[in-house]
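In what follows, a structure is listed as structure tokens, so that the remarks can point back to it.
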Amino acid sequence: MTVRIPAAALALALLTFVVAPTGPLAAQDETGWTDVAEFTFVQTAGNASSSTFGLKNTLDRIFENGAFKLTLGGVRTSSTQRSTEAVGTPSDFSPVETSGVTAANYFARARYDRSVSENAYVFGGSGWNRNTFAGIENRYNFVTGAGRTWRDGEGVRFKTDVGVTYTVQDDVIPTPGASDGFFGLTASWDYLNQITETTQFGSELIVDENLSDTDDLRADFTNFIAVAISDQLALKTSLQLLFDNQPALEQFTLRGTTTQVTRDLESVDSVFTVALVVNF
């Protein structure tokens, strides 16, 4: 079933951004550099063999009237599977095994925010993403817009912003008739709550709609809980949902023929991670 969310929804978000009341604000963070790295590693061996490695690094620079953020990361899973076939003789045989990468997702993005008043800002940014198992060979996006901080104090931060995007996408299997470059509208929120002295909850949502084809809606929704072990270390559990209302294609060869057939990939991908967070 196709889900439709019209561009008017983003216009409503823009109207809310302009007219809604503002909550109390705290003083700005101190200026300077900060760096946070997240490491994920899982390995199984024996009857089943697989390994997952993930890395994410966020570099921030706070200025007197602005902020810069650079985020790099990726997750890669490799596994070995045994088939029901074997080679050899009835008394001396080995099962047929296949191994390879079964999931891989890499990304890089940068953004600069500039304050224009006590609680409003403008921003610009760009990013790159590769997720071949979701059909994306390369996706480049550029964004500019404005945002507002509704609350930043007493352990709670909540920000929303809206903007205009331009996306260039190179699919593994090109979709006939689809444009590889298009303008869009985006809306997002960024929420952080210091639940206890050692526990944080965060939520981030980014929605991007293709203005050339309003059925082409994408969303990136992430929620996490981080528990501090020390001043420098924490354990972070997160769930990311990636939605694409018009997903890329996957291709197959019909058995016994040379005929190529295609179908849409799944519209929702989920990524669940448990990571060790290191604050530098």
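Ligands are numbered from 1 in the order shown, chains are lettered A, B, ... in the order of the structure tokens, and residues start at 1 in each chain.
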Within 10 Å of stretch 111-126 of chain A using only C-alpha atoms, minus same-chain residues under 6 positions, as a compact mmCIF listing (two decimals) with N, CA and C atoms, in the first residue's frame:
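Heads up, here's the output in selection-v6.txt:
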# COMPACT_ATOMS: atom_id res chain seq x y z
N PHE A 17 6.22 26.76 13.07
CA PHE A 17 7.53 27.30 13.42
C PHE A 17 7.48 28.80 13.61
N THR A 22 7.45 30.50 22.43
CA THR A 22 8.79 30.03 22.74
C THR A 22 8.91 29.74 24.23
N GLY A 23 9.54 28.60 24.58
CA GLY A 23 9.78 28.28 25.96
C GLY A 23 11.03 28.96 26.49
N PRO A 24 11.35 28.77 27.77
CA PRO A 24 12.52 29.40 28.36
C PRO A 24 13.80 28.88 27.76
N LEU A 25 14.80 29.74 27.68
CA LEU A 25 16.08 29.38 27.10
C LEU A 25 17.17 29.52 28.14
N ALA A 27 21.56 29.69 28.83
CA ALA A 27 22.72 30.29 28.20
C ALA A 27 23.32 29.33 27.19
N GLN A 28 23.99 29.88 26.18
CA GLN A 28 24.61 29.05 25.15
C GLN A 28 25.75 28.24 25.73
N ASP A 60 32.10 18.60 16.77
CA ASP A 60 31.35 19.84 16.92
C ASP A 60 32.29 21.00 17.22
N ARG A 61 31.93 22.16 16.68
CA ARG A 61 32.64 23.40 17.02
C ARG A 61 31.60 24.46 17.33
N ILE A 62 31.61 24.95 18.58
CA ILE A 62 30.68 25.98 19.01
C ILE A 62 31.37 27.34 18.92
N PHE A 63 30.76 28.25 18.16
CA PHE A 63 31.24 29.62 18.05
C PHE A 63 30.35 30.52 18.90
N GLU A 64 30.72 31.79 18.98
CA GLU A 64 29.93 32.72 19.77
C GLU A 64 28.51 32.87 19.21
N ASN A 65 28.38 32.86 17.88
CA ASN A 65 27.07 33.04 17.25
C ASN A 65 26.73 31.94 16.27
N GLY A 66 27.35 30.78 16.42
CA GLY A 66 27.08 29.71 15.47
C GLY A 66 27.63 28.39 15.94
N ALA A 67 27.41 27.36 15.12
CA ALA A 67 27.87 26.02 15.45
C ALA A 67 28.10 25.24 14.17
N PHE A 68 29.16 24.42 14.15
CA PHE A 68 29.50 23.56 13.03
C PHE A 68 29.51 22.12 13.51
N LYS A 69 28.95 21.20 12.69
CA LYS A 69 28.93 19.78 13.04
C LYS A 69 29.31 18.95 11.82
N LEU A 70 30.24 18.01 12.03
CA LEU A 70 30.65 17.06 11.00
C LEU A 70 30.47 15.65 11.56
N THR A 71 29.67 14.83 10.85
CA THR A 71 29.37 13.48 11.30
C THR A 71 29.73 12.49 10.21
N TYR A 140 23.62 12.26 -2.76
CA TYR A 140 24.17 13.53 -2.30
C TYR A 140 23.01 14.49 -2.03
N ASN A 141 23.06 15.19 -0.91
CA ASN A 141 22.00 16.15 -0.64
C ASN A 141 22.57 17.45 -0.09
N PHE A 142 21.91 18.54 -0.46
CA PHE A 142 22.30 19.87 -0.03
C PHE A 142 21.06 20.55 0.55
N VAL A 143 21.22 21.29 1.65
CA VAL A 143 20.06 21.87 2.33
C VAL A 143 20.39 23.25 2.86
N THR A 144 19.41 24.12 2.84
CA THR A 144 19.51 25.42 3.50
C THR A 144 18.14 25.75 4.06
N GLY A 145 18.10 26.43 5.21
CA GLY A 145 16.82 26.72 5.82
C GLY A 145 16.97 27.53 7.09
N ALA A 146 15.93 27.48 7.92
CA ALA A 146 15.89 28.24 9.17
C ALA A 146 15.30 27.36 10.26
N GLY A 147 15.64 27.65 11.49
CA GLY A 147 15.16 26.85 12.61
C GLY A 147 14.92 27.69 13.84
N ARG A 148 14.36 27.04 14.83
CA ARG A 148 14.03 27.73 16.08
C ARG A 148 14.27 26.79 17.26
N THR A 149 14.82 27.31 18.33
CA THR A 149 15.02 26.56 19.57
C THR A 149 13.87 26.90 20.50
N TRP A 150 13.07 25.88 20.80
CA TRP A 150 11.91 26.10 21.66
C TRP A 150 12.28 26.04 23.13
N ARG A 151 13.26 25.20 23.44
CA ARG A 151 13.69 25.10 24.85
C ARG A 151 15.12 24.62 24.89
N ASP A 152 15.91 25.20 25.76
CA ASP A 152 17.29 24.77 25.95
C ASP A 152 17.69 25.11 27.38
N LYS A 159 14.56 21.51 19.35
CA LYS A 159 14.75 22.39 18.20
C LYS A 159 13.99 21.82 17.01
N THR A 160 13.47 22.70 16.18
CA THR A 160 12.87 22.29 14.92
C THR A 160 13.40 23.19 13.82
N ASP A 161 13.44 22.67 12.60
CA ASP A 161 13.82 23.52 11.48
C ASP A 161 13.17 23.03 10.20
N VAL A 162 13.12 23.92 9.22
CA VAL A 162 12.56 23.62 7.90
C VAL A 162 13.53 24.16 6.86
N GLY A 163 13.50 23.59 5.67
CA GLY A 163 14.43 24.06 4.66
C GLY A 163 14.10 23.53 3.28
N VAL A 164 14.92 23.96 2.34
CA VAL A 164 14.85 23.53 0.94
C VAL A 164 16.05 22.64 0.66
N THR A 165 15.83 21.54 -0.04
CA THR A 165 16.91 20.59 -0.32
C THR A 165 17.07 20.40 -1.82
N TYR A 166 18.26 19.95 -2.19
CA TYR A 166 18.49 19.46 -3.55
C TYR A 166 19.23 18.12 -3.41
N THR A 167 18.69 17.09 -4.05
CA THR A 167 19.21 15.73 -3.92
C THR A 167 19.63 15.20 -5.28
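Distance-wise, atom CA of A:Ile173 and atom CA of A:Ser212 end up 20.2 Å apart.
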Using only C-alpha atoms, which of A:Asp35, A:Asn105, A:Thr258, A:Asp213 sits nearest A:Ser270? A:Asn105
Would you list, as a list in words, the residues of stretch 190-230 of chain A that end up in strand (DSSP E or B) under DSSP run on this structure's backbone?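 Matching residues for strand (DSSP E or B) in stretch 190-230 of chain A are Asp190, Tyr191, Leu192, Asn193, Gln194, Thr199, Gln200, Phe201, Gly202, Ser203, Glu204, Leu205, Ile206, Val207, Asp208, Glu209, Asn210, Leu217, Arg218, Ala219, Asp220, Phe221, Thr222, Asn223, Phe224, Ile225, Ala226, Val227 and Ala228 of chain A.
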A:Phe272: which residues within 10 Å, counting only C-alpha atoms, same-chain residues fewer than 2 positions away excluded, as a PyMOL selection string? chain A and resi 222-224+237-241+270+274-275
Do a neighbour search on A:Tyr106 at 10 Å with only C-alpha atoms, toss out local chain neighbours closer than 6 positions, and write the hits as a short mmCIF file (atom, residue, chain, number, x, y, z; two decimals) with C-alpha atoms, in the first residue's frame.
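Saved file result.cif follows:
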data_model
loop_
_atom_site.label_atom_id
_atom_site.label_comp_id
_atom_site.auth_asym_id
_atom_site.auth_seq_id
_atom_site.Cartn_x
_atom_site.Cartn_y
_atom_site.Cartn_z
CA GLY A 54 29.96 0.07 13.26
CA LEU A 55 31.66 3.43 13.75
CA LYS A 56 30.23 6.92 14.12
CA LEU A 72 30.91 10.39 9.68
CA GLY A 73 29.87 6.80 10.12
CA GLY A 74 29.06 3.38 8.80
CA VAL A 75 27.82 -0.11 9.69
CA ARG A 76 29.05 -3.28 7.93
CA TRP A 128 26.48 11.78 1.28
CA ASN A 129 25.06 8.30 1.83
CA ARG A 130 25.72 4.82 0.36
CA ASN A 131 23.46 1.89 1.16
CA THR A 132 23.66 -0.60 -1.70
CA ASN A 138 25.33 7.27 -3.94
#
